[in-house]
Amino acid sequence: MRAVKQDLDHFINYARQQIESSQKNLSIDELFDQWRAQYPSDDQLAENVAAIQASINDFNKGERGTIAGEDSAHLRRRFNSNT
């Protein structure tokens, strides 16, 4: 329970600082999303590290994926031709 209280206190301080220093009127959801992006949970951090490691492993095995934009060009052709 202590970790939850620490996270809540940290978020409250972060949100107050953002509200005081920002020109924008951010919702609580936007503030939380920003805070979580800057301070991911241990589980999120471990998941991100595992995903990066899996990508590195794929790259080392020669898997390069698709050229940037190739998939979106395919989708544009596919959906524009069906309209």
# chains A, B, ... in the order shown; residues from 1 in each chain; ligands from 1
$ residues_around --residues "region 1-12 of chain A" --least-positions-apart "2" --cutoff "9 Å" --atoms "only C-alpha atoms" --output "tab-separated table (two decimals) with N, CA and C atoms, in the first residue's frame"
chain	number	residue	atom	x	y	z
A	14	TYR	N	3.27	16.31	-9.29
A	14	TYR	CA	3.49	16.52	-10.72
A	14	TYR	C	2.34	17.33	-11.32
A	15	ALA	N	1.10	16.93	-11.01
A	15	ALA	CA	-0.07	17.60	-11.57
A	15	ALA	C	-0.11	19.07	-11.13
A	16	ARG	N	0.14	19.32	-9.87
A	16	ARG	CA	0.15	20.72	-9.38
A	16	ARG	C	1.20	21.55	-10.13
A	17	GLN	N	2.38	20.99	-10.30
A	17	GLN	CA	3.45	21.70	-10.99
A	17	GLN	C	3.05	22.00	-12.44
A	31	LEU	N	-3.14	14.85	-17.70
A	31	LEU	CA	-2.06	14.96	-16.73
A	31	LEU	C	-1.55	13.58	-16.33
A	32	PHE	N	-2.47	12.65	-16.10
A	32	PHE	CA	-2.06	11.29	-15.72
A	32	PHE	C	-1.29	10.62	-16.84
A	35	TRP	N	2.17	12.05	-16.93
A	35	TRP	CA	2.93	11.58	-15.78
A	35	TRP	C	3.36	10.12	-15.97
A	36	ARG	N	2.42	9.29	-16.43
A	36	ARG	CA	2.72	7.87	-16.61
A	36	ARG	C	3.77	7.67	-17.70
$ select_by_dssp --residues "chain A" --states "helix (DSSP H, G or I)" --output "MDAnalysis selection string"
chainID A and resid 2:21 28:38 42:60 70:81
$ atom_distance --atom1 "CA of Gln53 (chain A)" --atom2 "CA of Tyr39 (chain A)"
20.2 Å
